[in-house]
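Enquirer: Take a look at target.cif, mmCIF, C-alpha atoms and all ligand atoms:
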```cif
data_query
#
loop_
_atom_site.group_PDB
_atom_site.id
_atom_site.type_symbol
_atom_site.label_atom_id
_atom_site.label_comp_id
_atom_site.auth_asym_id
_atom_site.auth_seq_id
_atom_site.Cartn_x
_atom_site.Cartn_y
_atom_site.Cartn_z
ATOM 1 C CA MET N 272 73.457 -91.657 48.346
ATOM 2 C CA SER N 273 71.800 -94.938 49.119
ATOM 3 C CA ILE N 274 73.066 -97.002 51.999
ATOM 4 C CA CYS N 275 72.911 -100.786 52.008
ATOM 5 C CA TYR N 276 73.990 -103.491 54.450
ATOM 6 C CA VAL N 277 76.616 -106.051 53.412
ATOM 7 C CA ASN N 278 77.807 -108.679 55.909
ATOM 8 C CA GLY N 279 77.785 -106.381 58.925
ATOM 9 C CA SER N 280 78.735 -103.055 57.396
ATOM 10 C CA TYR N 281 76.748 -100.147 56.016
ATOM 11 C CA GLU N 282 78.000 -99.066 52.588
ATOM 12 C CA GLU N 283 77.075 -96.920 49.606
ATOM 13 C CA LYS N 284 74.888 -99.107 47.361
ATOM 14 C CA THR N 285 76.519 -98.271 44.018
ATOM 15 C CA SER N 286 79.995 -99.244 45.236
ATOM 16 C CA ALA N 287 79.134 -102.066 47.660
ATOM 17 C CA ALA N 288 80.498 -105.397 46.465
ATOM 18 C CA ILE N 289 80.404 -109.093 47.093
ATOM 19 C CA SER N 290 82.858 -111.814 46.009
ATOM 20 C CA ILE N 291 82.553 -113.366 42.549
ATOM 21 C CA GLN N 292 82.863 -116.632 44.490
ATOM 22 C CA ASP N 293 79.515 -115.987 46.165
ATOM 23 C CA ARG N 294 77.396 -119.143 45.774
ATOM 24 C CA GLY N 295 74.383 -117.036 44.946
ATOM 25 C CA PHE N 296 76.320 -115.691 41.969
ATOM 26 C CA ASN N 297 77.604 -119.129 40.908
ATOM 27 C CA PHE N 298 74.687 -121.449 41.740
ATOM 28 C CA SER N 299 71.664 -119.298 42.740
ATOM 29 C CA ASP N 300 72.347 -120.921 46.115
ATOM 30 C CA GLY N 301 70.421 -118.491 48.263
ATOM 31 C CA VAL N 302 67.107 -117.066 49.356
ATOM 32 C CA TYR N 303 65.542 -113.630 49.506
ATOM 33 C CA GLU N 304 62.675 -111.573 50.901
ATOM 34 C CA VAL N 305 60.992 -108.388 49.729
ATOM 35 C CA MET N 306 59.248 -106.413 52.465
ATOM 36 C CA SER N 307 57.433 -103.097 52.357
ATOM 37 C CA PHE N 308 57.773 -100.322 54.911
ATOM 38 C CA SER N 309 55.934 -97.177 55.799
ATOM 39 C CA GLY N 310 57.388 -94.693 58.247
ATOM 40 C CA ASN N 311 59.631 -96.762 60.457
ATOM 41 C CA SER N 312 57.417 -99.850 60.304
ATOM 42 C CA VAL N 313 58.103 -102.966 58.276
ATOM 43 C CA ILE N 314 54.720 -104.330 57.183
ATOM 44 C CA ASN N 315 53.989 -107.968 58.067
ATOM 45 C CA PHE N 316 57.533 -108.320 59.468
ATOM 46 C CA ASP N 317 56.769 -111.472 61.512
ATOM 47 C CA LYS N 318 55.349 -113.300 58.499
ATOM 48 C CA HIS N 319 58.367 -112.385 56.343
ATOM 49 C CA VAL N 320 60.763 -113.558 59.042
ATOM 50 C CA LYS N 321 58.912 -116.849 59.415
ATOM 51 C CA ARG N 322 59.072 -117.489 55.655
ATOM 52 C CA LEU N 323 62.745 -116.490 55.524
ATOM 53 C CA SER N 324 63.529 -118.913 58.318
ATOM 54 C CA LYS N 325 61.652 -121.702 56.503
ATOM 55 C CA SER N 326 63.471 -120.982 53.213
ATOM 56 C CA LEU N 327 66.883 -121.039 54.964
ATOM 57 C CA ASP N 328 66.077 -124.275 56.812
ATOM 58 C CA SER N 329 64.836 -125.932 53.592
ATOM 59 C CA LEU N 330 68.183 -125.210 51.893
ATOM 60 C CA ARG N 331 70.257 -125.895 55.051
ATOM 61 C CA ILE N 332 71.758 -122.398 54.982
ATOM 62 C CA LYS N 333 72.885 -121.126 58.387
ATOM 63 C CA LYS N 334 71.159 -118.037 59.752
ATOM 64 C CA PRO N 335 73.656 -115.152 59.565
ATOM 65 C CA LEU N 336 72.068 -113.157 62.403
ATOM 66 C CA SER N 337 71.649 -114.486 65.913
ATOM 67 C CA ASN N 338 68.030 -113.366 66.181
ATOM 68 C CA TYR N 339 65.342 -111.486 64.316
ATOM 69 C CA LYS N 340 65.423 -108.527 66.701
ATOM 70 C CA SER N 341 68.877 -107.697 65.303
ATOM 71 C CA LEU N 342 67.476 -107.964 61.774
ATOM 72 C CA GLU N 343 64.691 -105.557 62.671
ATOM 73 C CA LEU N 344 67.244 -103.071 64.021
ATOM 74 C CA ILE N 345 69.265 -103.258 60.784
ATOM 75 C CA LEU N 346 66.131 -102.673 58.685
ATOM 76 C CA LYS N 347 65.122 -99.682 60.798
ATOM 77 C CA LYS N 348 68.613 -98.210 60.531
ATOM 78 C CA LEU N 349 68.561 -98.614 56.732
ATOM 79 C CA ILE N 350 65.137 -96.947 56.493
ATOM 80 C CA LYS N 351 66.416 -94.049 58.608
ATOM 81 C CA GLU N 352 69.743 -93.671 56.782
ATOM 82 C CA ASN N 353 68.017 -93.652 53.392
ATOM 83 C CA LYS N 354 65.494 -91.032 54.531
ATOM 84 C CA LEU N 355 62.572 -92.784 52.884
ATOM 85 C CA ASP N 356 59.059 -92.558 54.271
ATOM 86 C CA LYS N 357 57.742 -95.431 52.127
ATOM 87 C CA GLY N 358 59.366 -98.130 50.067
ATOM 88 C CA PHE N 359 60.644 -101.684 49.960
ATOM 89 C CA ILE N 360 63.479 -103.706 51.425
ATOM 90 C CA TYR N 361 65.334 -106.405 49.492
ATOM 91 C CA LEU N 362 67.165 -108.963 51.631
ATOM 92 C CA GLN N 363 69.300 -111.763 50.223
ATOM 93 C CA ILE N 364 71.159 -114.517 52.034
ATOM 94 C CA THR N 365 73.397 -116.978 50.188
ATOM 95 C CA ARG N 366 75.385 -119.966 51.415
ATOM 96 C CA GLY N 367 78.578 -117.874 51.296
ATOM 97 C CA SER N 368 81.733 -117.476 49.221
ATOM 98 C CA CYS N 369 84.170 -120.285 48.412
ATOM 99 C CA SER N 370 85.900 -121.852 45.428
ATOM 100 C CA ARG N 371 83.409 -123.250 42.965
ATOM 101 C CA ASN N 372 82.204 -126.739 43.894
ATOM 102 C CA HIS N 373 78.640 -128.027 43.971
ATOM 103 C CA LEU N 374 79.179 -129.569 47.429
ATOM 104 C CA PHE N 375 78.343 -127.381 50.423
ATOM 105 C CA PRO N 376 81.459 -125.554 51.681
ATOM 106 C CA LYS N 377 82.700 -126.618 55.138
ATOM 107 C CA LEU N 378 83.957 -123.267 56.369
ATOM 108 C CA SER N 379 82.211 -120.427 54.598
ATOM 109 C CA LYS N 380 79.796 -118.060 56.312
ATOM 110 C CA PRO N 381 76.516 -116.974 54.675
ATOM 111 C CA ASN N 382 76.552 -113.668 52.795
ATOM 112 C CA ILE N 383 73.794 -111.236 53.670
ATOM 113 C CA VAL N 384 72.903 -108.190 51.600
ATOM 114 C CA ILE N 385 70.054 -105.791 52.374
ATOM 115 C CA PHE N 386 69.028 -102.646 50.500
ATOM 116 C CA THR N 387 66.014 -100.374 50.184
ATOM 117 C CA PHE N 388 64.320 -99.438 46.916
ATOM 118 C CA THR N 389 61.270 -97.558 45.757
ATOM 119 C CA ALA N 390 58.788 -98.604 43.104
ATOM 120 C CA LYS N 391 55.747 -96.674 42.002
ATOM 121 C CA LEU N 392 52.640 -98.646 41.198
ATOM 122 C CA ASP N 393 50.560 -97.184 38.382
ATOM 123 C CA LYS N 394 47.242 -95.988 39.963
ATOM 124 C CA LYS N 395 45.523 -97.135 36.763
ATOM 125 C CA PHE N 396 46.253 -100.752 37.733
ATOM 126 C CA ILE N 397 44.287 -100.396 40.972
ATOM 127 C CA LEU N 398 41.436 -98.392 39.465
ATOM 128 C CA SER N 399 40.958 -100.230 36.164
ATOM 129 C CA GLY N 400 42.583 -103.590 36.869
ATOM 130 C CA VAL N 401 45.279 -105.475 34.971
ATOM 131 C CA LYS N 402 45.512 -108.011 32.159
ATOM 132 C CA VAL N 403 47.014 -111.447 32.661
ATOM 133 C CA ARG N 404 48.086 -114.215 30.290
ATOM 134 C CA LEU N 405 48.182 -117.942 30.984
ATOM 135 C CA THR N 406 51.350 -119.931 30.477
ATOM 136 C CA GLU N 407 52.761 -123.320 31.396
ATOM 137 C CA ASP N 408 54.476 -123.501 34.789
ATOM 138 C CA LEU N 409 58.042 -124.565 33.955
ATOM 139 C CA ARG N 410 59.394 -124.296 37.504
ATOM 140 C CA TRP N 411 60.722 -126.955 39.878
ATOM 141 C CA LYS N 412 58.672 -128.631 42.613
ATOM 142 C CA ARG N 413 59.906 -126.514 45.531
ATOM 143 C CA CYS N 414 58.300 -123.191 44.651
ATOM 144 C CA ASP N 415 57.529 -122.765 48.377
ATOM 145 C CA ILE N 416 61.211 -121.851 48.925
ATOM 146 C CA LYS N 417 61.829 -118.181 48.173
ATOM 147 C CA SER N 418 64.942 -119.019 46.189
ATOM 148 C CA ILE N 419 66.900 -116.400 44.239
ATOM 149 C CA SER N 420 66.745 -118.754 41.237
ATOM 150 C CA LEU N 421 64.065 -116.889 39.290
ATOM 151 C CA LEU N 422 64.677 -117.543 35.585
ATOM 152 C CA PRO N 423 61.215 -118.935 34.685
ATOM 153 C CA ASN N 424 59.622 -116.039 36.598
ATOM 154 C CA VAL N 425 61.813 -113.477 34.840
ATOM 155 C CA LEU N 426 61.046 -114.917 31.394
ATOM 156 C CA GLU N 427 57.276 -115.119 31.987
ATOM 157 C CA LYS N 428 57.114 -111.592 33.430
ATOM 158 C CA GLN N 429 58.972 -110.324 30.358
ATOM 159 C CA ASN N 430 56.657 -112.265 28.005
ATOM 160 C CA ALA N 431 53.648 -110.693 29.738
ATOM 161 C CA PHE N 432 55.150 -107.222 29.374
ATOM 162 C CA GLU N 433 55.891 -107.746 25.689
ATOM 163 C CA GLU N 434 52.267 -108.797 25.134
ATOM 164 C CA GLY N 435 50.979 -105.665 26.872
ATOM 165 C CA MET N 436 49.952 -107.515 30.040
ATOM 166 C CA TYR N 437 50.859 -107.094 33.689
ATOM 167 C CA GLU N 438 51.442 -110.698 34.670
ATOM 168 C CA SER N 439 51.633 -114.357 33.573
ATOM 169 C CA TRP N 440 49.604 -116.884 35.556
ATOM 170 C CA GLN N 441 51.269 -120.282 35.413
ATOM 171 C CA THR N 442 49.410 -123.579 35.014
ATOM 172 C CA ARG N 443 50.265 -127.181 35.922
ATOM 173 C CA ASN N 444 47.907 -129.762 34.398
ATOM 174 C CA ASP N 445 45.483 -126.958 33.598
ATOM 175 C CA LEU N 446 45.396 -125.802 37.243
ATOM 176 C CA ILE N 447 46.535 -122.251 37.941
ATOM 177 C CA THR N 448 49.398 -122.296 40.430
ATOM 178 C CA GLU N 449 50.388 -118.617 40.750
ATOM 179 C CA GLY N 450 51.728 -115.605 38.873
ATOM 180 C CA SER N 451 55.368 -115.071 37.963
ATOM 181 C CA THR N 452 55.601 -112.454 40.742
ATOM 182 C CA SER N 453 52.315 -112.795 42.630
ATOM 183 C CA ASN N 454 49.617 -115.147 43.940
ATOM 184 C CA ALA N 455 46.443 -115.769 41.927
ATOM 185 C CA PHE N 456 42.855 -115.618 43.209
ATOM 186 C CA ILE N 457 39.304 -115.797 41.863
ATOM 187 C CA VAL N 458 35.906 -115.081 43.334
ATOM 188 C CA ASN N 459 34.253 -118.266 42.111
ATOM 189 C CA ARG N 460 30.693 -118.863 40.875
ATOM 190 C CA ASN N 461 29.533 -119.417 44.476
ATOM 191 C CA GLY N 462 30.994 -116.088 45.564
ATOM 192 C CA PHE N 463 33.841 -117.718 47.533
ATOM 193 C CA ILE N 464 37.442 -116.616 47.316
ATOM 194 C CA GLN N 465 39.488 -119.413 45.780
ATOM 195 C CA THR N 466 43.260 -119.831 45.486
ATOM 196 C CA HIS N 467 45.842 -122.606 45.122
ATOM 197 C CA PRO N 468 46.708 -124.276 48.449
ATOM 198 C CA ALA N 469 50.006 -123.231 50.028
ATOM 199 C CA ASN N 470 51.991 -126.338 49.085
ATOM 200 C CA ASN N 471 55.272 -126.934 47.207
ATOM 201 C CA PHE N 472 53.833 -125.671 43.888
ATOM 202 C CA ILE N 473 53.487 -122.047 44.994
ATOM 203 C CA LEU N 474 55.246 -119.479 47.098
ATOM 204 C CA GLY N 475 53.165 -118.935 50.229
ATOM 205 C CA GLY N 476 52.816 -115.188 49.745
ATOM 206 C CA VAL N 477 52.766 -112.987 52.830
ATOM 207 C CA THR N 478 50.097 -110.831 51.156
ATOM 208 C CA ARG N 479 48.153 -113.999 50.249
ATOM 209 C CA ASP N 480 48.155 -115.197 53.855
ATOM 210 C CA THR N 481 47.206 -111.762 55.165
ATOM 211 C CA LEU N 482 44.355 -111.462 52.679
ATOM 212 C CA ILE N 483 43.021 -114.899 53.662
ATOM 213 C CA GLU N 484 43.101 -113.874 57.342
ATOM 214 C CA ILE N 485 41.249 -110.639 56.565
ATOM 215 C CA ALA N 486 38.614 -112.445 54.472
ATOM 216 C CA LYS N 487 37.985 -115.048 57.171
ATOM 217 C CA LYS N 488 37.711 -112.340 59.844
ATOM 218 C CA ASN N 489 35.063 -110.689 57.699
ATOM 219 C CA LYS N 490 33.167 -113.968 57.284
ATOM 220 C CA ILE N 491 34.021 -114.271 53.584
ATOM 221 C CA LYS N 492 34.446 -117.933 52.662
ATOM 222 C CA VAL N 493 37.912 -118.886 51.401
ATOM 223 C CA VAL N 494 38.609 -122.126 49.536
ATOM 224 C CA GLU N 495 42.280 -123.123 49.251
ATOM 225 C CA LYS N 496 41.838 -125.419 46.249
ATOM 226 C CA ALA N 497 43.448 -125.060 42.830
ATOM 227 C CA PHE N 498 41.183 -123.701 40.091
ATOM 228 C CA SER N 499 41.279 -124.587 36.388
ATOM 229 C CA SER N 500 41.294 -122.264 33.392
ATOM 230 C CA SER N 501 37.565 -122.953 32.846
ATOM 231 C CA ASP N 502 36.860 -122.098 36.531
ATOM 232 C CA LEU N 503 38.801 -118.906 35.881
ATOM 233 C CA PHE N 504 36.839 -117.932 32.772
ATOM 234 C CA LEU N 505 33.560 -118.588 34.617
ATOM 235 C CA SER N 506 34.630 -116.723 37.749
ATOM 236 C CA ARG N 507 32.912 -113.538 38.969
ATOM 237 C CA GLU N 508 36.162 -111.729 39.761
ATOM 238 C CA ALA N 509 39.891 -112.316 39.745
ATOM 239 C CA PHE N 510 42.774 -110.593 41.499
ATOM 240 C CA LEU N 511 46.425 -111.013 42.392
ATOM 241 C CA THR N 512 48.479 -110.260 45.500
ATOM 242 C CA SER N 513 52.108 -109.405 46.236
ATOM 243 C CA THR N 514 54.090 -107.212 48.604
ATOM 244 C CA THR N 515 54.897 -104.663 45.900
ATOM 245 C CA ALA N 516 51.477 -104.609 44.184
ATOM 246 C CA LYS N 517 49.353 -105.374 47.306
ATOM 247 C CA ILE N 518 46.005 -106.417 45.721
ATOM 248 C CA LEU N 519 45.311 -105.766 42.040
ATOM 249 C CA PRO N 520 42.049 -106.529 40.241
ATOM 250 C CA VAL N 521 42.503 -108.795 37.204
ATOM 251 C CA VAL N 522 39.971 -107.892 34.500
ATOM 252 C CA LYS N 523 41.186 -109.776 31.433
ATOM 253 C CA ILE N 524 42.771 -113.174 30.883
ATOM 254 C CA ASN N 525 44.158 -113.963 27.429
ATOM 255 C CA LYS N 526 42.016 -111.136 26.003
ATOM 256 C CA LYS N 527 38.786 -112.519 27.576
ATOM 257 C CA ASN N 528 36.969 -110.397 30.149
ATOM 258 C CA ILE N 529 36.516 -111.629 33.699
ATOM 259 C CA GLY N 530 32.999 -110.700 34.827
ATOM 260 C CA ASN N 531 32.123 -107.425 33.145
ATOM 261 C CA GLY N 532 35.786 -106.565 32.532
ATOM 262 C CA LYS N 533 35.901 -104.131 35.460
ATOM 263 C CA PRO N 534 37.331 -104.512 38.991
ATOM 264 C CA GLY N 535 34.850 -106.530 41.051
ATOM 265 C CA GLN N 536 33.100 -105.417 44.243
ATOM 266 C CA MET N 537 34.629 -108.102 46.442
ATOM 267 C CA THR N 538 38.124 -107.232 45.169
ATOM 268 C CA GLN N 539 37.568 -103.549 45.883
ATOM 269 C CA ALA N 540 36.292 -104.346 49.382
ATOM 270 C CA LEU N 541 39.357 -106.513 50.037
ATOM 271 C CA ILE N 542 41.682 -103.726 48.849
ATOM 272 C CA LYS N 543 40.070 -101.371 51.383
ATOM 273 C CA MET N 544 40.310 -103.918 54.205
ATOM 274 C CA TYR N 545 43.947 -104.657 53.361
ATOM 275 C CA ASN N 546 44.863 -100.951 53.334
ATOM 276 C CA GLU N 547 43.181 -100.528 56.740
ATOM 277 C CA LEU N 548 45.158 -103.416 58.172
ATOM 278 C CA VAL N 549 48.435 -102.009 56.831
ATOM 279 C CA LYS N 550 47.600 -98.612 58.373
ATOM 280 C CA CYS N 551 47.188 -100.296 61.773
ATOM 281 C CA GLN N 552 50.759 -101.637 61.535
ATOM 282 C CA ILE N 553 52.300 -98.196 60.987
ATOM 283 C CA HIS N 554 53.779 -96.645 64.146
ATOM 284 C CA GLU N 555 55.406 -93.358 63.167
HETATM 285 N N1 LIG C 1 54.578 -115.792 44.123
HETATM 286 C C1 LIG C 1 55.742 -115.447 43.544
HETATM 287 C C2 LIG C 1 56.333 -116.370 42.551
HETATM 288 C C3 LIG C 1 56.373 -114.243 43.885
HETATM 289 O O1 LIG C 1 57.554 -113.916 43.322
HETATM 290 C C4 LIG C 1 55.764 -113.392 44.828
HETATM 291 C C5 LIG C 1 56.403 -112.075 45.185
HETATM 292 N N2 LIG C 1 57.641 -112.237 45.760
HETATM 293 C C6 LIG C 1 54.556 -113.787 45.403
HETATM 294 C C7 LIG C 1 53.980 -114.992 45.025
HETATM 295 C C8 LIG C 1 53.869 -112.927 46.426
HETATM 296 O O2 LIG C 1 54.493 -113.044 47.675
HETATM 297 P P1 LIG C 1 54.424 -111.859 48.729
HETATM 298 O O3 LIG C 1 52.978 -111.550 48.930
HETATM 299 O O4 LIG C 1 55.058 -112.423 49.944
HETATM 300 O O5 LIG C 1 55.166 -110.701 48.147
#
```
Represent the structure from my file as structure tokens, please.

Expert:
Amino acid sequence: MSICYVNGSYEEKTSAAISIQDRGFNFSDGVYEVMSFSGNSVINFDKHVKRLSKSLDSLRIKKPLSNYKSLELILKKLIKENKLDKGFIYLQITRGSCSRNHLFPKLSKPNIVIFTFTAKLDKKFILSGVKVRLTEDLRWKRCDIKSISLLPNVLEKQNAFEEGMYESWQTRNDLITEGSTSNAFIVNRNGFIQTHPANNFILGGVTRDTLIEIAKKNKIKVVEKAFSSSDLFLSREAFLTSTTAKILPVVKINKKNIGNGKPGQMTQALIKMYNELVKCQIHE
């Protein structure tokens, strides 16, 4: 049994349903969030809620819940009902259900679906690092909205998998924007952490923002400036961040080693610091 939340009711996940007139289904007209939890605590909840609110406002979708305290209560109930001590939450809000027409519906209410899931990260990825390929960024110019329209991301993740790699890093005019499912970082030749600025060409990752905060707190210099493929090949270290993968060392790009082809020291230190911070958010 797995219990999910659909528009106010708690239902069995495999039989829960939503209208075929849902605008998410017809137009990808919706947004989503993926959060991680441990015990009863949703990690980085405030940052996820802030991004969700920004995504909804950008698409002019009404907020289905009156406040974020009620959302937190729903998430905690789902965690409890599903008897999971660790895992992830998927939340999706669409503009609602109505007969198919590109124009916004006048009367429909947003549809909200929330479910929990588990995903095991291969320990090898953390210990030995992952391989990444470079590819052209084919996406639109509002990648800052966490839209459910994910076709380019799906295709590039699949291409990476088929080439024996973990991720595709996308480039615009030879500047690395971000991965298909994660944010991209290097430790540059000066020893500074460098990543694309949080503008409309990337999703402002919650893990990205948290990592930047941790680095700054520990007096590690962070430069939010896009880096090129040659900066990448000359970098000391590379890594990626996402809610599901946390921080993963990147040791090879397009078959070329980064540094000595092993997870770098700075990356390993950041992984430790990040894990400590997550531990502090867990209140059993
Ligand atoms: N960029 C993209 C395109 C993503 O899909 C994700 C994961 N949802 C991220 C970055 C990382 O964001 P977060 O750290 O909030 O999971």

Enquirer: Report as a VMD selection string the residues that result from applying the PyMOL selection byres (((chain N and resi 364) around 8) and not hetatm) to the structure here.

Expert: chain N and resid 301 to 303 335 362 to 363 365 to 366 381 to 384

Enquirer: Need to verify the contact set: N:Lys321, 10 Å, all atoms listed in the file, exclusion of same-chain residues closer than 5 positions in sequence. Can you return it as a list of chain:residue names?

Expert: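 Here the answer would be N:Phe316, N:Ser326, N:Tyr339, N:Val477.
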
Enquirer: Pick from N:Ile416, N:Val522, N:Ile464, N:Val494: nearest to ligand LIG 1 (chain C), with only C-alpha atoms and all ligand atoms counted?

Expert: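 Going through N:Ile416, N:Val522, N:Ile464, N:Val494 one by one, the smallest distance to ligand LIG 1 (chain C) is for N:Ile416.
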
Enquirer: If you measure from atom CA of N:Ile518 to atom CA of N:Gly310, what distance in Å do you get, rounded to one decimal?

Expert: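 Distance reported for this atom pair: 20.6 Å.
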
Enquirer: Could you give me the centre and size, in Å to one decimal, of an axis-aligned box around all listed atoms of ligand LIG 1 (chain C) with 3 Å added on every side, as AutoDock Vina command-line options?

Expert:
```
--center_x 55.3 --center_y -113.5 --center_z 46.2 --size_x 10.7 --size_y 11.7 --size_z 13.4
```

Enquirer: Just want the residues within 7 Å of ligand LIG 1 (chain C), written as a VMD selection string, counting only C-alpha atoms and all ligand atoms.

Expert: chain N and resid 305 424 449 to 454 473 to 479 512 to 515

Enquirer: Would you please work out which residue, of N:Met436, N:Ile385, N:Cys369, N:Ile345, is nearest to N:Lys526 when using all atoms listed in the file?

Expert: N:Met436

Enquirer: Which residues are near N:Glu438? Cut-off 9 Å, all atoms listed in the file, ignore same chain within fewer than 2 positions. Put them as a PyMOL selection string.

Expert: chain N and resi 401-405+427-432+436+440+450-453

Enquirer: What gap, in Å, lies between atom CA of N:Lys357 and atom CA of N:Glu282?

Expert: 20.6 Å

Enquirer: I need stretch 320-337 of chain N from the structure I supplied, saved as a compact mmCIF listing (two decimals), in the first residue's frame with N, CA, C and O atoms retained.

Expert:
```txt
# COMPACT_ATOMS: atom_id res chain seq x y z
N VAL N 320 9.45 25.50 -0.74
CA VAL N 320 8.18 26.22 -0.75
C VAL N 320 8.33 27.57 -1.47
O VAL N 320 7.46 27.99 -2.24
N LYS N 321 9.46 28.21 -1.24
CA LYS N 321 9.72 29.51 -1.87
C LYS N 321 9.81 29.33 -3.40
O LYS N 321 9.23 30.11 -4.16
N ARG N 322 10.50 28.28 -3.83
CA ARG N 322 10.64 28.05 -5.27
C ARG N 322 9.29 27.67 -5.88
O ARG N 322 8.94 28.11 -6.97
N LEU N 323 8.52 26.84 -5.16
CA LEU N 323 7.20 26.44 -5.64
C LEU N 323 6.33 27.68 -5.84
O LEU N 323 5.65 27.83 -6.87
N SER N 324 6.36 28.56 -4.87
CA SER N 324 5.55 29.76 -4.92
C SER N 324 5.96 30.62 -6.12
O SER N 324 5.10 31.14 -6.87
N LYS N 325 7.26 30.71 -6.37
CA LYS N 325 7.77 31.49 -7.51
C LYS N 325 7.34 30.86 -8.83
O LYS N 325 6.91 31.55 -9.76
N SER N 326 7.42 29.52 -8.91
CA SER N 326 7.02 28.83 -10.15
C SER N 326 5.53 29.07 -10.42
O SER N 326 5.13 29.35 -11.56
N LEU N 327 4.69 28.94 -9.37
CA LEU N 327 3.24 29.13 -9.54
C LEU N 327 2.94 30.57 -9.97
O LEU N 327 2.16 30.79 -10.90
N ASP N 328 3.59 31.53 -9.32
CA ASP N 328 3.35 32.94 -9.68
C ASP N 328 3.78 33.22 -11.11
O ASP N 328 3.10 33.93 -11.85
N SER N 329 4.91 32.63 -11.54
CA SER N 329 5.42 32.88 -12.90
C SER N 329 4.43 32.38 -13.94
O SER N 329 4.34 32.94 -15.04
N LEU N 330 3.70 31.31 -13.63
CA LEU N 330 2.74 30.75 -14.61
C LEU N 330 1.31 31.21 -14.33
O LEU N 330 0.38 30.77 -15.00
N ARG N 331 1.14 32.06 -13.33
CA ARG N 331 -0.19 32.57 -12.92
C ARG N 331 -1.15 31.42 -12.59
O ARG N 331 -2.31 31.41 -13.01
N ILE N 332 -0.61 30.42 -11.86
CA ILE N 332 -1.47 29.33 -11.37
C ILE N 332 -1.79 29.65 -9.90
O ILE N 332 -0.88 30.00 -9.13
N LYS N 333 -3.07 29.53 -9.56
CA LYS N 333 -3.50 29.84 -8.18
C LYS N 333 -2.90 28.82 -7.22
O LYS N 333 -2.73 27.66 -7.56
N LYS N 334 -2.66 29.26 -5.98
CA LYS N 334 -2.13 28.32 -4.99
C LYS N 334 -3.30 27.50 -4.43
O LYS N 334 -4.28 28.07 -3.94
N PRO N 335 -3.21 26.17 -4.52
CA PRO N 335 -4.35 25.34 -4.10
C PRO N 335 -4.52 25.26 -2.58
O PRO N 335 -5.60 24.92 -2.11
N LEU N 336 -3.47 25.56 -1.82
CA LEU N 336 -3.59 25.47 -0.36
C LEU N 336 -3.47 26.88 0.21
O LEU N 336 -2.73 27.71 -0.32
N SER N 337 -4.21 27.12 1.30
CA SER N 337 -4.26 28.49 1.81
C SER N 337 -2.92 28.93 2.39
O SER N 337 -2.57 30.10 2.34
```
